[in-house]
Each structure stands twice: as C-alpha cells, then as structure tokens.
$ cat coords.cif   # mmCIF, N, CA and C atoms
data_query
loop_
_atom_site.label_atom_id
_atom_site.label_comp_id
_atom_site.auth_asym_id
_atom_site.auth_seq_id
_atom_site.Cartn_x
_atom_site.Cartn_y
_atom_site.Cartn_z
N MET A 1 101.38 -14.53 11.69
CA MET A 1 102.05 -13.94 12.83
C MET A 1 102.11 -12.42 12.70
N LYS A 2 102.37 -11.92 11.49
CA LYS A 2 102.44 -10.48 11.29
C LYS A 2 101.07 -9.82 11.52
N LYS A 3 99.99 -10.54 11.15
CA LYS A 3 98.65 -9.99 11.35
C LYS A 3 98.34 -9.83 12.83
N ILE A 4 98.79 -10.78 13.64
CA ILE A 4 98.55 -10.70 15.09
C ILE A 4 99.30 -9.51 15.67
N LYS A 5 100.55 -9.30 15.28
CA LYS A 5 101.32 -8.15 15.77
C LYS A 5 100.67 -6.85 15.33
N HIS A 6 100.20 -6.82 14.08
CA HIS A 6 99.54 -5.61 13.57
C HIS A 6 98.27 -5.32 14.37
N LYS A 7 97.47 -6.34 14.65
CA LYS A 7 96.24 -6.15 15.43
C LYS A 7 96.56 -5.65 16.84
N ARG A 8 97.62 -6.21 17.45
CA ARG A 8 98.00 -5.77 18.78
C ARG A 8 98.41 -4.30 18.77
N LEU A 9 99.17 -3.91 17.75
CA LEU A 9 99.59 -2.51 17.65
C LEU A 9 98.39 -1.59 17.47
N VAL A 10 97.43 -2.01 16.67
CA VAL A 10 96.22 -1.21 16.45
C VAL A 10 95.44 -1.08 17.76
N ILE A 11 95.32 -2.18 18.51
CA ILE A 11 94.60 -2.15 19.79
C ILE A 11 95.33 -1.24 20.78
N ILE A 12 96.64 -1.38 20.88
CA ILE A 12 97.42 -0.54 21.79
C ILE A 12 97.27 0.93 21.41
N PHE A 13 97.36 1.23 20.12
CA PHE A 13 97.20 2.61 19.66
C PHE A 13 95.81 3.14 19.99
N ALA A 14 94.77 2.33 19.77
CA ALA A 14 93.39 2.76 20.05
C ALA A 14 93.20 3.03 21.54
N VAL A 15 93.76 2.16 22.39
CA VAL A 15 93.65 2.36 23.84
C VAL A 15 94.36 3.65 24.26
N LEU A 16 95.57 3.85 23.76
CA LEU A 16 96.31 5.07 24.09
C LEU A 16 95.58 6.32 23.60
N ALA A 17 95.05 6.28 22.38
CA ALA A 17 94.29 7.42 21.85
C ALA A 17 93.06 7.69 22.71
N GLY A 18 92.38 6.63 23.14
CA GLY A 18 91.21 6.79 24.01
C GLY A 18 91.58 7.41 25.35
N LEU A 19 92.70 6.97 25.92
CA LEU A 19 93.16 7.54 27.19
C LEU A 19 93.53 9.01 27.03
N MET A 20 94.16 9.36 25.93
CA MET A 20 94.50 10.76 25.68
C MET A 20 93.25 11.60 25.53
N LEU A 21 92.24 11.07 24.85
CA LEU A 21 90.98 11.79 24.70
C LEU A 21 90.30 12.00 26.05
N LEU A 22 90.29 10.97 26.89
CA LEU A 22 89.70 11.10 28.23
C LEU A 22 90.45 12.13 29.07
N ALA A 23 91.77 12.12 28.99
CA ALA A 23 92.56 13.10 29.74
C ALA A 23 92.26 14.52 29.27
N THR A 24 92.12 14.70 27.97
CA THR A 24 91.80 16.01 27.41
C THR A 24 90.42 16.48 27.87
N LEU A 25 89.44 15.57 27.81
CA LEU A 25 88.08 15.93 28.26
C LEU A 25 88.06 16.23 29.75
N PHE A 26 88.79 15.47 30.56
CA PHE A 26 88.87 15.71 31.99
C PHE A 26 89.47 17.09 32.27
N SER A 27 90.55 17.40 31.56
CA SER A 27 91.20 18.70 31.73
C SER A 27 90.26 19.83 31.35
N TRP A 28 89.55 19.70 30.25
CA TRP A 28 88.61 20.72 29.80
C TRP A 28 87.48 20.88 30.82
N TRP A 29 86.91 19.77 31.29
CA TRP A 29 85.78 19.80 32.22
C TRP A 29 86.17 20.48 33.53
N ASN A 30 87.42 20.31 33.95
CA ASN A 30 87.90 20.88 35.20
C ASN A 30 88.63 22.20 35.03
N SER A 31 88.58 22.79 33.86
CA SER A 31 89.22 24.08 33.64
C SER A 31 88.45 25.16 34.40
N PRO A 32 89.13 26.23 34.80
CA PRO A 32 88.44 27.32 35.52
C PRO A 32 87.25 27.87 34.72
N GLU A 33 87.40 27.96 33.43
CA GLU A 33 86.31 28.50 32.61
C GLU A 33 85.07 27.62 32.68
N GLN A 34 85.25 26.30 32.63
CA GLN A 34 84.10 25.40 32.69
C GLN A 34 83.49 25.36 34.09
N ILE A 35 84.33 25.39 35.10
CA ILE A 35 83.80 25.44 36.47
C ILE A 35 83.00 26.72 36.67
N TYR A 36 83.51 27.82 36.15
CA TYR A 36 82.78 29.09 36.22
C TYR A 36 81.44 28.99 35.47
N ALA A 37 81.48 28.45 34.25
CA ALA A 37 80.27 28.35 33.44
C ALA A 37 79.21 27.48 34.13
N ARG A 38 79.61 26.38 34.75
CA ARG A 38 78.66 25.49 35.41
C ARG A 38 78.13 26.06 36.73
N ASN A 39 78.90 26.93 37.37
CA ASN A 39 78.55 27.41 38.72
C ASN A 39 78.44 28.93 38.82
N LYS A 40 78.20 29.60 37.72
CA LYS A 40 78.26 31.06 37.68
C LYS A 40 77.42 31.72 38.78
N LYS A 41 76.17 31.36 38.90
CA LYS A 41 75.29 32.01 39.88
C LYS A 41 75.74 31.73 41.31
N VAL A 42 76.15 30.50 41.58
CA VAL A 42 76.61 30.13 42.92
C VAL A 42 77.91 30.86 43.25
N LEU A 43 78.81 30.95 42.29
CA LEU A 43 80.08 31.66 42.50
C LEU A 43 79.84 33.14 42.76
N GLU A 44 78.96 33.76 41.98
CA GLU A 44 78.67 35.18 42.17
C GLU A 44 78.07 35.44 43.56
N LYS A 45 77.14 34.58 43.97
CA LYS A 45 76.53 34.73 45.30
C LYS A 45 77.59 34.53 46.38
N ALA A 46 78.44 33.52 46.21
CA ALA A 46 79.49 33.25 47.20
C ALA A 46 80.45 34.43 47.31
N ALA A 47 80.85 35.00 46.18
CA ALA A 47 81.78 36.13 46.20
C ALA A 47 81.18 37.31 46.96
N LEU A 48 79.91 37.60 46.73
CA LEU A 48 79.26 38.70 47.44
C LEU A 48 79.14 38.41 48.93
N THR A 49 78.72 37.21 49.29
CA THR A 49 78.58 36.83 50.70
C THR A 49 79.92 36.91 51.42
N ILE A 50 80.97 36.43 50.79
CA ILE A 50 82.30 36.44 51.40
C ILE A 50 82.79 37.87 51.60
N GLN A 51 82.53 38.74 50.64
CA GLN A 51 82.93 40.15 50.81
C GLN A 51 82.20 40.79 51.97
N GLU A 52 80.92 40.44 52.14
CA GLU A 52 80.12 41.03 53.22
C GLU A 52 80.50 40.48 54.60
N THR A 53 80.77 39.17 54.66
CA THR A 53 80.98 38.53 55.96
C THR A 53 82.43 38.17 56.25
N GLY A 54 83.24 38.01 55.21
CA GLY A 54 84.62 37.56 55.38
C GLY A 54 84.73 36.06 55.63
N ASN A 55 83.59 35.38 55.69
CA ASN A 55 83.55 33.95 55.99
C ASN A 55 83.63 33.12 54.70
N THR A 56 84.66 32.29 54.61
CA THR A 56 84.81 31.42 53.43
C THR A 56 84.43 29.98 53.74
N ARG A 57 84.05 29.69 54.97
CA ARG A 57 83.67 28.32 55.36
C ARG A 57 82.23 28.03 54.98
N ASP A 58 81.91 26.78 54.98
CA ASP A 58 80.54 26.31 54.75
C ASP A 58 80.00 26.68 53.37
N ILE A 59 80.88 26.88 52.40
CA ILE A 59 80.45 27.15 51.03
C ILE A 59 80.91 25.98 50.18
N ASP A 60 79.96 25.32 49.54
CA ASP A 60 80.28 24.13 48.73
C ASP A 60 79.94 24.44 47.28
N ILE A 61 80.98 24.43 46.44
CA ILE A 61 80.80 24.71 45.02
C ILE A 61 81.48 23.58 44.24
N GLY A 62 80.76 22.96 43.33
CA GLY A 62 81.31 21.87 42.54
C GLY A 62 82.58 22.26 41.81
N GLY A 63 83.65 21.50 42.01
CA GLY A 63 84.91 21.76 41.34
C GLY A 63 85.84 22.68 42.11
N VAL A 64 85.37 23.28 43.20
CA VAL A 64 86.19 24.19 44.00
C VAL A 64 86.66 23.45 45.25
N ASN A 65 87.98 23.43 45.45
CA ASN A 65 88.56 22.72 46.59
C ASN A 65 88.84 23.61 47.80
N ASN A 66 89.06 24.88 47.57
CA ASN A 66 89.37 25.80 48.67
C ASN A 66 89.01 27.22 48.26
N ILE A 67 88.63 28.03 49.24
CA ILE A 67 88.27 29.42 48.98
C ILE A 67 89.09 30.30 49.92
N ALA A 68 89.62 31.40 49.38
CA ALA A 68 90.38 32.36 50.19
C ALA A 68 89.89 33.76 49.86
N TYR A 69 89.98 34.64 50.84
CA TYR A 69 89.57 36.03 50.65
C TYR A 69 90.68 36.95 51.11
N LEU A 70 91.13 37.80 50.21
CA LEU A 70 92.08 38.85 50.55
C LEU A 70 91.30 40.17 50.51
N SER A 71 91.06 40.73 51.66
CA SER A 71 90.24 41.94 51.78
C SER A 71 91.04 43.19 51.46
N GLU A 72 90.37 44.32 51.51
CA GLU A 72 91.02 45.62 51.27
C GLU A 72 92.15 45.85 52.26
N ALA A 73 92.03 45.33 53.47
CA ALA A 73 93.07 45.50 54.49
C ALA A 73 94.31 44.65 54.20
N GLU A 74 94.14 43.60 53.39
CA GLU A 74 95.23 42.66 53.14
C GLU A 74 95.87 42.79 51.76
N ALA A 75 95.18 43.43 50.84
CA ALA A 75 95.68 43.49 49.46
C ALA A 75 95.30 44.80 48.80
N GLU A 76 96.16 45.27 47.92
CA GLU A 76 95.86 46.49 47.17
C GLU A 76 94.62 46.29 46.31
N HIS A 77 94.51 45.11 45.71
CA HIS A 77 93.35 44.75 44.91
C HIS A 77 92.71 43.52 45.54
N PRO A 78 91.63 43.70 46.31
CA PRO A 78 91.01 42.57 47.01
C PRO A 78 90.42 41.55 46.04
N VAL A 79 90.52 40.28 46.43
CA VAL A 79 90.00 39.19 45.60
C VAL A 79 89.37 38.10 46.47
N VAL A 80 88.43 37.40 45.88
CA VAL A 80 87.91 36.16 46.43
C VAL A 80 88.40 35.07 45.49
N GLU A 81 89.27 34.18 46.02
CA GLU A 81 89.91 33.17 45.20
C GLU A 81 89.26 31.81 45.40
N PHE A 82 89.01 31.13 44.29
CA PHE A 82 88.43 29.79 44.30
C PHE A 82 89.45 28.85 43.66
N TYR A 83 90.17 28.15 44.52
CA TYR A 83 91.19 27.21 44.07
C TYR A 83 90.49 25.95 43.59
N THR A 84 90.82 25.53 42.36
CA THR A 84 90.12 24.38 41.80
C THR A 84 90.94 23.11 41.77
N SER A 85 92.22 23.18 41.40
CA SER A 85 92.96 21.93 41.30
C SER A 85 94.45 22.17 41.17
N SER A 86 95.15 21.06 41.35
CA SER A 86 96.58 20.99 41.08
C SER A 86 96.79 19.71 40.31
N PHE A 87 97.55 19.76 39.25
CA PHE A 87 97.78 18.58 38.44
C PHE A 87 99.18 18.06 38.69
N GLY A 88 99.32 16.78 38.89
CA GLY A 88 100.64 16.19 39.09
C GLY A 88 101.01 16.13 40.55
N VAL A 89 102.17 15.52 40.81
CA VAL A 89 102.62 15.35 42.19
C VAL A 89 103.97 16.00 42.45
N MET A 90 104.58 16.54 41.46
CA MET A 90 105.89 17.15 41.60
C MET A 90 105.74 18.66 41.75
N PRO A 91 106.74 19.34 42.30
CA PRO A 91 106.67 20.79 42.46
C PRO A 91 106.35 21.56 41.17
N PRO A 92 106.74 21.07 39.97
CA PRO A 92 106.36 21.82 38.78
C PRO A 92 104.86 21.77 38.45
N ALA A 93 104.09 21.00 39.21
CA ALA A 93 102.66 20.88 38.92
C ALA A 93 101.97 22.22 39.11
N PRO A 94 101.13 22.63 38.16
CA PRO A 94 100.47 23.93 38.29
C PRO A 94 99.30 23.90 39.26
N TYR A 95 99.08 25.02 39.92
CA TYR A 95 97.89 25.25 40.72
C TYR A 95 96.94 26.07 39.85
N VAL A 96 95.67 25.69 39.85
CA VAL A 96 94.71 26.28 38.92
C VAL A 96 93.49 26.74 39.69
N GLY A 97 92.91 27.86 39.26
CA GLY A 97 91.70 28.33 39.90
C GLY A 97 91.14 29.56 39.21
N LEU A 98 90.21 30.20 39.90
CA LEU A 98 89.63 31.43 39.39
C LEU A 98 89.41 32.36 40.58
N TYR A 99 89.23 33.63 40.26
CA TYR A 99 89.01 34.58 41.35
C TYR A 99 88.11 35.71 40.87
N TYR A 100 87.43 36.28 41.86
CA TYR A 100 86.62 37.47 41.64
C TYR A 100 87.45 38.65 42.13
N SER A 101 87.75 39.58 41.23
CA SER A 101 88.50 40.78 41.58
C SER A 101 87.50 41.87 41.93
N VAL A 102 87.51 42.27 43.20
CA VAL A 102 86.53 43.25 43.68
C VAL A 102 86.56 44.53 42.86
N ASP A 103 87.76 45.02 42.54
CA ASP A 103 87.86 46.27 41.77
C ASP A 103 88.12 46.05 40.27
N GLY A 104 88.09 44.79 39.84
CA GLY A 104 88.21 44.49 38.41
C GLY A 104 89.62 44.35 37.89
N TYR A 105 90.63 44.49 38.74
CA TYR A 105 92.02 44.40 38.30
C TYR A 105 92.51 42.95 38.37
N PRO A 106 93.28 42.51 37.38
CA PRO A 106 93.92 41.19 37.49
C PRO A 106 95.01 41.27 38.55
N VAL A 107 95.29 40.15 39.21
CA VAL A 107 96.32 40.14 40.25
C VAL A 107 97.25 38.95 40.07
N ALA A 108 98.47 39.10 40.59
CA ALA A 108 99.42 37.99 40.65
C ALA A 108 99.07 37.16 41.87
N ASP A 109 99.39 35.89 41.83
CA ASP A 109 99.09 35.01 42.94
C ASP A 109 100.18 35.02 44.01
N GLU A 110 101.11 35.95 43.90
CA GLU A 110 102.14 36.13 44.92
C GLU A 110 102.26 37.61 45.23
N SER A 111 102.20 37.95 46.48
CA SER A 111 102.30 39.34 46.90
C SER A 111 103.61 39.95 46.43
N GLY A 112 103.54 41.13 45.86
CA GLY A 112 104.73 41.84 45.42
C GLY A 112 105.16 41.54 44.00
N ALA A 113 104.60 40.52 43.37
CA ALA A 113 104.96 40.20 41.99
C ALA A 113 104.20 41.13 41.04
N ASN A 114 104.89 41.63 40.03
CA ASN A 114 104.27 42.52 39.06
C ASN A 114 103.68 41.73 37.89
N LEU A 115 102.53 42.19 37.43
CA LEU A 115 101.91 41.59 36.25
C LEU A 115 102.46 42.24 34.99
N ILE A 116 102.72 41.44 33.99
CA ILE A 116 103.18 41.93 32.69
C ILE A 116 102.18 41.47 31.64
N ALA A 117 101.55 42.42 30.95
CA ALA A 117 100.57 42.08 29.92
C ALA A 117 101.26 41.38 28.77
N ASP A 118 100.63 40.31 28.30
CA ASP A 118 101.13 39.52 27.17
C ASP A 118 99.92 39.09 26.34
N GLY A 119 99.45 40.00 25.48
CA GLY A 119 98.24 39.72 24.71
C GLY A 119 97.03 39.72 25.63
N ASP A 120 96.29 38.61 25.63
CA ASP A 120 95.08 38.48 26.44
C ASP A 120 95.33 37.92 27.84
N ILE A 121 96.60 37.71 28.19
CA ILE A 121 96.93 37.20 29.51
C ILE A 121 97.92 38.12 30.20
N TRP A 122 98.07 37.94 31.49
CA TRP A 122 99.09 38.65 32.26
C TRP A 122 99.99 37.59 32.88
N ARG A 123 101.29 37.84 32.84
CA ARG A 123 102.27 36.93 33.43
C ARG A 123 102.88 37.59 34.65
N TRP A 124 103.32 36.77 35.60
CA TRP A 124 104.04 37.30 36.75
C TRP A 124 105.15 36.33 37.12
N VAL A 125 106.20 36.89 37.70
CA VAL A 125 107.32 36.10 38.21
C VAL A 125 107.56 36.56 39.63
N GLY A 126 107.60 35.61 40.54
CA GLY A 126 107.79 35.94 41.96
C GLY A 126 109.16 35.53 42.44
N THR A 127 109.24 35.18 43.70
CA THR A 127 110.52 34.78 44.28
C THR A 127 110.85 33.34 43.87
N GLY A 128 112.15 33.07 43.77
CA GLY A 128 112.58 31.72 43.37
C GLY A 128 112.04 31.36 42.00
N ASP A 129 111.44 30.17 41.91
CA ASP A 129 110.88 29.75 40.62
C ASP A 129 109.37 29.96 40.55
N ASN A 130 108.81 30.73 41.48
CA ASN A 130 107.37 31.02 41.48
C ASN A 130 107.01 31.88 40.28
N ARG A 131 105.95 31.48 39.59
CA ARG A 131 105.51 32.22 38.41
C ARG A 131 104.06 31.84 38.11
N GLY A 132 103.43 32.61 37.24
CA GLY A 132 102.06 32.27 36.89
C GLY A 132 101.50 33.15 35.80
N THR A 133 100.27 32.83 35.42
CA THR A 133 99.53 33.60 34.44
C THR A 133 98.11 33.79 34.94
N THR A 134 97.47 34.84 34.48
CA THR A 134 96.07 35.06 34.78
C THR A 134 95.41 35.63 33.53
N TRP A 135 94.12 35.38 33.36
CA TRP A 135 93.41 35.87 32.19
C TRP A 135 91.94 36.09 32.54
N LEU A 136 91.33 36.99 31.81
CA LEU A 136 89.94 37.37 32.05
C LEU A 136 88.99 36.28 31.56
N ILE A 137 88.04 35.93 32.42
CA ILE A 137 86.94 35.06 31.99
C ILE A 137 85.80 35.95 31.48
N GLU A 138 85.30 36.81 32.37
CA GLU A 138 84.32 37.84 32.02
C GLU A 138 84.10 38.74 33.22
N GLY A 139 83.69 39.98 32.96
CA GLY A 139 83.43 40.91 34.05
C GLY A 139 84.62 41.06 34.97
N ASN A 140 84.43 40.78 36.25
CA ASN A 140 85.51 40.84 37.25
C ASN A 140 86.06 39.46 37.57
N TRP A 141 85.74 38.47 36.77
CA TRP A 141 86.17 37.09 36.99
C TRP A 141 87.39 36.76 36.14
N TYR A 142 88.40 36.19 36.79
CA TYR A 142 89.66 35.83 36.15
C TYR A 142 90.00 34.38 36.48
N ALA A 143 90.76 33.75 35.61
CA ALA A 143 91.31 32.42 35.86
C ALA A 143 92.81 32.57 36.06
N TYR A 144 93.43 31.58 36.69
CA TYR A 144 94.88 31.65 36.88
C TYR A 144 95.49 30.26 36.87
N THR A 145 96.76 30.23 36.55
CA THR A 145 97.61 29.06 36.71
C THR A 145 98.88 29.56 37.37
N ALA A 146 99.33 28.87 38.41
CA ALA A 146 100.53 29.30 39.13
C ALA A 146 101.40 28.08 39.41
N TRP A 147 102.71 28.31 39.38
CA TRP A 147 103.69 27.28 39.71
C TRP A 147 104.52 27.78 40.88
N TYR A 148 104.74 26.93 41.88
CA TYR A 148 105.53 27.30 43.06
C TYR A 148 106.66 26.32 43.26
#

$ encode --input "coords.cif" --output "structure tokens"
Amino acid sequence: MKKIKHKRLVIIFAVLAGLMLLATLFSWWNSPEQIYARNKKVLEKAALTIQETGNTRDIDIGGVNNIAYLSEAEAEHPVVEFYTSSFGVMPPAPYVGLYYSVDGYPVADESGANLIADGDIWRWVGTGDNRGTTWLIEGNWYAYTAWY
C-alpha cells in the first residue's frame, strides 16, 4: 500500500514539474525579447512604415496583438508600441510588449509618469496603482511590463 502511495506522489510531482517547465518555456517564448529576436526585420520595417504613414492597421507580426503609434505631435518622445500579451485575468495581471523609441529615449507607458533609473531598467509610477518597468533590448528597441 505504501508503494502505491509513493508511486502516486512521484507521478503527481512529475506532472506538476512538467507543467511548470511548460509554463516557463511558454513565458520565455512569448517574452518581448524573444518576439523581437524572431521578428526583428519585420518589426524594424513596420516601425519605419508606421512612422512614415501613421497607419498601424494591416500589419501582422507573430506574437504581436496590437500596435499603437504616438507621434511627435502626441508625445515628447514618439514611439511605435507593439503590445504582445497580458497574463492572468485579474487587474494585477501585467501588460507586456516592446516599442521602438524614435529618438532612443525610454518612456513610461503612462503620460506624465517619470522614469526612475534602477540599474539596467527604468521604473515608473503613475496615477492610482498604475506602474511599470522598461528596459533596453538593443538600439532604439525597448521592452516593457505595465500594471494598471
């Protein structure tokens, strides 16, 4: 009887460990850095086209769910934002993505929020419980996580 319980515990542990590994791999595969690495040329072309035309429609990039453009007329530091995902179903779930900073400056994902350098990342706190982080991927490309 004890051997059967032990085997069941081992099986349950193995299944849980496998699920944790899959969740970790899924998270890594869908990270802004990996989406950028897999789609670098397409993202660069899209960022240039959007800056020239202002049109964010009809652009399909693997792993990108929505695209927004804040031009020079709308933002101190214009960006082309590629929203990739949100994890969870509750308000504390983070919003994740990457953006091309036209002038190379990192930006907060909320207008008026100040960035505070913290090592290799920048943090921001907005109104209410809004907050986030951003970090450099390479060149003018940054990743972000934001909570609203």

$ select_by_dssp --input "coords.cif" --residues "chain A" --states "alpha helix (DSSP H)" --output "ChimeraX atom specification"
/A:2-29,32-53

$ resolve_selection --input "coords.cif" --expression "the PyMOL selection byres ((chain A and resi 110) around 8)" --output "short mmCIF file (atom, residue, chain, number, x, y, z; two decimals) with N, CA and C atoms, keeping the file's coordinate frame"
data_model
loop_
_atom_site.label_atom_id
_atom_site.label_comp_id
_atom_site.auth_asym_id
_atom_site.auth_seq_id
_atom_site.Cartn_x
_atom_site.Cartn_y
_atom_site.Cartn_z
N VAL A 107 95.29 40.15 39.21
CA VAL A 107 96.32 40.14 40.25
C VAL A 107 97.25 38.95 40.07
N ALA A 108 98.47 39.10 40.59
CA ALA A 108 99.42 37.99 40.65
C ALA A 108 99.07 37.16 41.87
N ASP A 109 99.39 35.89 41.83
CA ASP A 109 99.09 35.01 42.94
C ASP A 109 100.18 35.02 44.01
N SER A 111 102.20 37.95 46.48
CA SER A 111 102.30 39.34 46.90
C SER A 111 103.61 39.95 46.43
N GLY A 112 103.54 41.13 45.86
CA GLY A 112 104.73 41.84 45.42
C GLY A 112 105.16 41.54 44.00
N ALA A 113 104.60 40.52 43.37
CA ALA A 113 104.96 40.20 41.99
C ALA A 113 104.20 41.13 41.04
N ASN A 114 104.89 41.63 40.03
CA ASN A 114 104.27 42.52 39.06
C ASN A 114 103.68 41.73 37.89
N TRP A 124 103.32 36.77 35.60
CA TRP A 124 104.04 37.30 36.75
C TRP A 124 105.15 36.33 37.12
N VAL A 125 106.20 36.89 37.70
CA VAL A 125 107.32 36.10 38.21
C VAL A 125 107.56 36.56 39.63
N GLY A 126 107.60 35.61 40.54
CA GLY A 126 107.79 35.94 41.96
C GLY A 126 109.16 35.53 42.44
N THR A 127 109.24 35.18 43.70
CA THR A 127 110.52 34.78 44.28
C THR A 127 110.85 33.34 43.87
N ASN A 130 108.81 30.73 41.48
CA ASN A 130 107.37 31.02 41.48
C ASN A 130 107.01 31.88 40.28
N ARG A 131 105.95 31.48 39.59
CA ARG A 131 105.51 32.22 38.41
C ARG A 131 104.06 31.84 38.11
N GLY A 132 103.43 32.61 37.24
CA GLY A 132 102.06 32.27 36.89
C GLY A 132 101.50 33.15 35.80
#

$ residues_around --input "coords.cif" --residues "range 52-59 of chain A" --least-positions-apart "5" --cutoff "7 Å" --atoms "all atoms listed in the file" --output "list of chain:residue names"
A:Ala47, A:Ile67, A:Ala68, A:Tyr69

$ write_last_selection --input "coords.cif" --atoms "N, CA and C atoms" --output "short mmCIF file (atom, residue, chain, number, x, y, z; two decimals), in the frame of the given file"
data_model
loop_
_atom_site.label_atom_id
_atom_site.label_comp_id
_atom_site.auth_asym_id
_atom_site.auth_seq_id
_atom_site.Cartn_x
_atom_site.Cartn_y
_atom_site.Cartn_z
N ALA A 47 80.85 35.00 46.18
CA ALA A 47 81.78 36.13 46.20
C ALA A 47 81.18 37.31 46.96
N ILE A 67 88.63 28.03 49.24
CA ILE A 67 88.27 29.42 48.98
C ILE A 67 89.09 30.30 49.92
N ALA A 68 89.62 31.40 49.38
CA ALA A 68 90.38 32.36 50.19
C ALA A 68 89.89 33.76 49.86
N TYR A 69 89.98 34.64 50.84
CA TYR A 69 89.57 36.03 50.65
C TYR A 69 90.68 36.95 51.11
#

$ atom_distance --input "coords.cif" --atom1 "atom C of Pro78 in chain A" --atom2 "CA of Tyr100 in chain A"
7.1 Å

$ atom_distance --input "coords.cif" --atom1 "CA of Asn30 in chain A" --atom2 "CA of Val15 in chain A"
22.5 Å

$ resolve_selection --input "coords.cif" --expression "the PyMOL selection byres (((chain A and resi 36 and name CA) around 10) and name CA)" --output "mmCIF file with N, CA and C atoms, keeping the file's coordinate frame"
data_model
loop_
_atom_site.group_PDB
_atom_site.id
_atom_site.type_symbol
_atom_site.label_atom_id
_atom_site.label_comp_id
_atom_site.auth_asym_id
_atom_site.auth_seq_id
_atom_site.Cartn_x
_atom_site.Cartn_y
_atom_site.Cartn_z
ATOM 1 N N ASN A 30 87.420 20.310 33.950
ATOM 2 C CA ASN A 30 87.900 20.880 35.200
ATOM 3 C C ASN A 30 88.630 22.200 35.030
ATOM 4 N N SER A 31 88.580 22.790 33.860
ATOM 5 C CA SER A 31 89.220 24.080 33.640
ATOM 6 C C SER A 31 88.450 25.160 34.400
ATOM 7 N N PRO A 32 89.130 26.230 34.800
ATOM 8 C CA PRO A 32 88.440 27.320 35.520
ATOM 9 C C PRO A 32 87.250 27.870 34.720
ATOM 10 N N GLU A 33 87.400 27.960 33.430
ATOM 11 C CA GLU A 33 86.310 28.500 32.610
ATOM 12 C C GLU A 33 85.070 27.620 32.680
ATOM 13 N N GLN A 34 85.250 26.300 32.630
ATOM 14 C CA GLN A 34 84.100 25.400 32.690
ATOM 15 C C GLN A 34 83.490 25.360 34.090
ATOM 16 N N ILE A 35 84.330 25.390 35.100
ATOM 17 C CA ILE A 35 83.800 25.440 36.470
ATOM 18 C C ILE A 35 83.000 26.720 36.670
ATOM 19 N N ALA A 37 81.480 28.450 34.250
ATOM 20 C CA ALA A 37 80.270 28.350 33.440
ATOM 21 C C ALA A 37 79.210 27.480 34.130
ATOM 22 N N ARG A 38 79.610 26.380 34.750
ATOM 23 C CA ARG A 38 78.660 25.490 35.410
ATOM 24 C C ARG A 38 78.130 26.060 36.730
ATOM 25 N N ASN A 39 78.900 26.930 37.370
ATOM 26 C CA ASN A 39 78.550 27.410 38.720
ATOM 27 C C ASN A 39 78.440 28.930 38.820
ATOM 28 N N LYS A 40 78.200 29.600 37.720
ATOM 29 C CA LYS A 40 78.260 31.060 37.680
ATOM 30 C C LYS A 40 77.420 31.720 38.780
ATOM 31 N N LYS A 41 76.170 31.360 38.900
ATOM 32 C CA LYS A 41 75.290 32.010 39.880
ATOM 33 C C LYS A 41 75.740 31.730 41.310
ATOM 34 N N VAL A 42 76.150 30.500 41.580
ATOM 35 C CA VAL A 42 76.610 30.130 42.920
ATOM 36 C C VAL A 42 77.910 30.860 43.250
ATOM 37 N N LEU A 43 78.810 30.950 42.290
ATOM 38 C CA LEU A 43 80.080 31.660 42.500
ATOM 39 C C LEU A 43 79.840 33.140 42.760
ATOM 40 N N GLU A 44 78.960 33.760 41.980
ATOM 41 C CA GLU A 44 78.670 35.180 42.170
ATOM 42 C C GLU A 44 78.070 35.440 43.560
ATOM 43 N N GLY A 62 80.760 22.960 43.330
ATOM 44 C CA GLY A 62 81.310 21.870 42.540
ATOM 45 C C GLY A 62 82.580 22.260 41.810
ATOM 46 N N GLY A 63 83.650 21.500 42.010
ATOM 47 C CA GLY A 63 84.910 21.760 41.340
ATOM 48 C C GLY A 63 85.840 22.680 42.110
ATOM 49 N N VAL A 64 85.370 23.280 43.200
ATOM 50 C CA VAL A 64 86.190 24.190 44.000
ATOM 51 C C VAL A 64 86.660 23.450 45.250
ATOM 52 N N PHE A 82 89.010 31.130 44.290
ATOM 53 C CA PHE A 82 88.430 29.790 44.300
ATOM 54 C C PHE A 82 89.450 28.850 43.660
ATOM 55 N N GLY A 97 92.910 27.860 39.260
ATOM 56 C CA GLY A 97 91.700 28.330 39.900
ATOM 57 C C GLY A 97 91.140 29.560 39.210
ATOM 58 N N LEU A 98 90.210 30.200 39.900
ATOM 59 C CA LEU A 98 89.630 31.430 39.390
ATOM 60 C C LEU A 98 89.410 32.360 40.580
ATOM 61 N N TYR A 99 89.230 33.630 40.260
ATOM 62 C CA TYR A 99 89.010 34.580 41.350
ATOM 63 C C TYR A 99 88.110 35.710 40.870
ATOM 64 N N ILE A 137 88.040 35.930 32.420
ATOM 65 C CA ILE A 137 86.940 35.060 31.990
ATOM 66 C C ILE A 137 85.800 35.950 31.480
ATOM 67 N N GLU A 138 85.300 36.810 32.370
ATOM 68 C CA GLU A 138 84.320 37.840 32.020
ATOM 69 C C GLU A 138 84.100 38.740 33.220
ATOM 70 N N TRP A 141 85.740 38.470 36.770
ATOM 71 C CA TRP A 141 86.170 37.090 36.990
ATOM 72 C C TRP A 141 87.390 36.760 36.140
ATOM 73 N N TYR A 142 88.400 36.190 36.790
ATOM 74 C CA TYR A 142 89.660 35.830 36.150
ATOM 75 C C TYR A 142 90.000 34.380 36.480
ATOM 76 N N ALA A 143 90.760 33.750 35.610
ATOM 77 C CA ALA A 143 91.310 32.420 35.860
ATOM 78 C C ALA A 143 92.810 32.570 36.060
#

$ atom_distance --input "coords.cif" --atom1 "CA of Ala93 in chain A" --atom2 "CA of Asp129 in chain A"
12.2 Å

$ residues_around --input "coords.cif" --residues "Asn66 in chain A" --least-positions-apart "3" --cutoff "6 Å" --atoms "all atoms listed in the file" --output "list in words"
Glu81, Phe82, Tyr83 and Thr84 of chain A

$ write_last_selection --input "coords.cif" --atoms "N, CA and C atoms" --output "mmCIF file, keeping the file's coordinate frame"
data_model
loop_
_atom_site.group_PDB
_atom_site.id
_atom_site.type_symbol
_atom_site.label_atom_id
_atom_site.label_comp_id
_atom_site.auth_asym_id
_atom_site.auth_seq_id
_atom_site.Cartn_x
_atom_site.Cartn_y
_atom_site.Cartn_z
ATOM 1 N N GLU A 81 89.270 34.180 46.020
ATOM 2 C CA GLU A 81 89.910 33.170 45.200
ATOM 3 C C GLU A 81 89.260 31.810 45.400
ATOM 4 N N PHE A 82 89.010 31.130 44.290
ATOM 5 C CA PHE A 82 88.430 29.790 44.300
ATOM 6 C C PHE A 82 89.450 28.850 43.660
ATOM 7 N N TYR A 83 90.170 28.150 44.520
ATOM 8 C CA TYR A 83 91.190 27.210 44.070
ATOM 9 C C TYR A 83 90.490 25.950 43.590
ATOM 10 N N THR A 84 90.820 25.530 42.360
ATOM 11 C CA THR A 84 90.120 24.380 41.800
ATOM 12 C C THR A 84 90.940 23.110 41.770
#
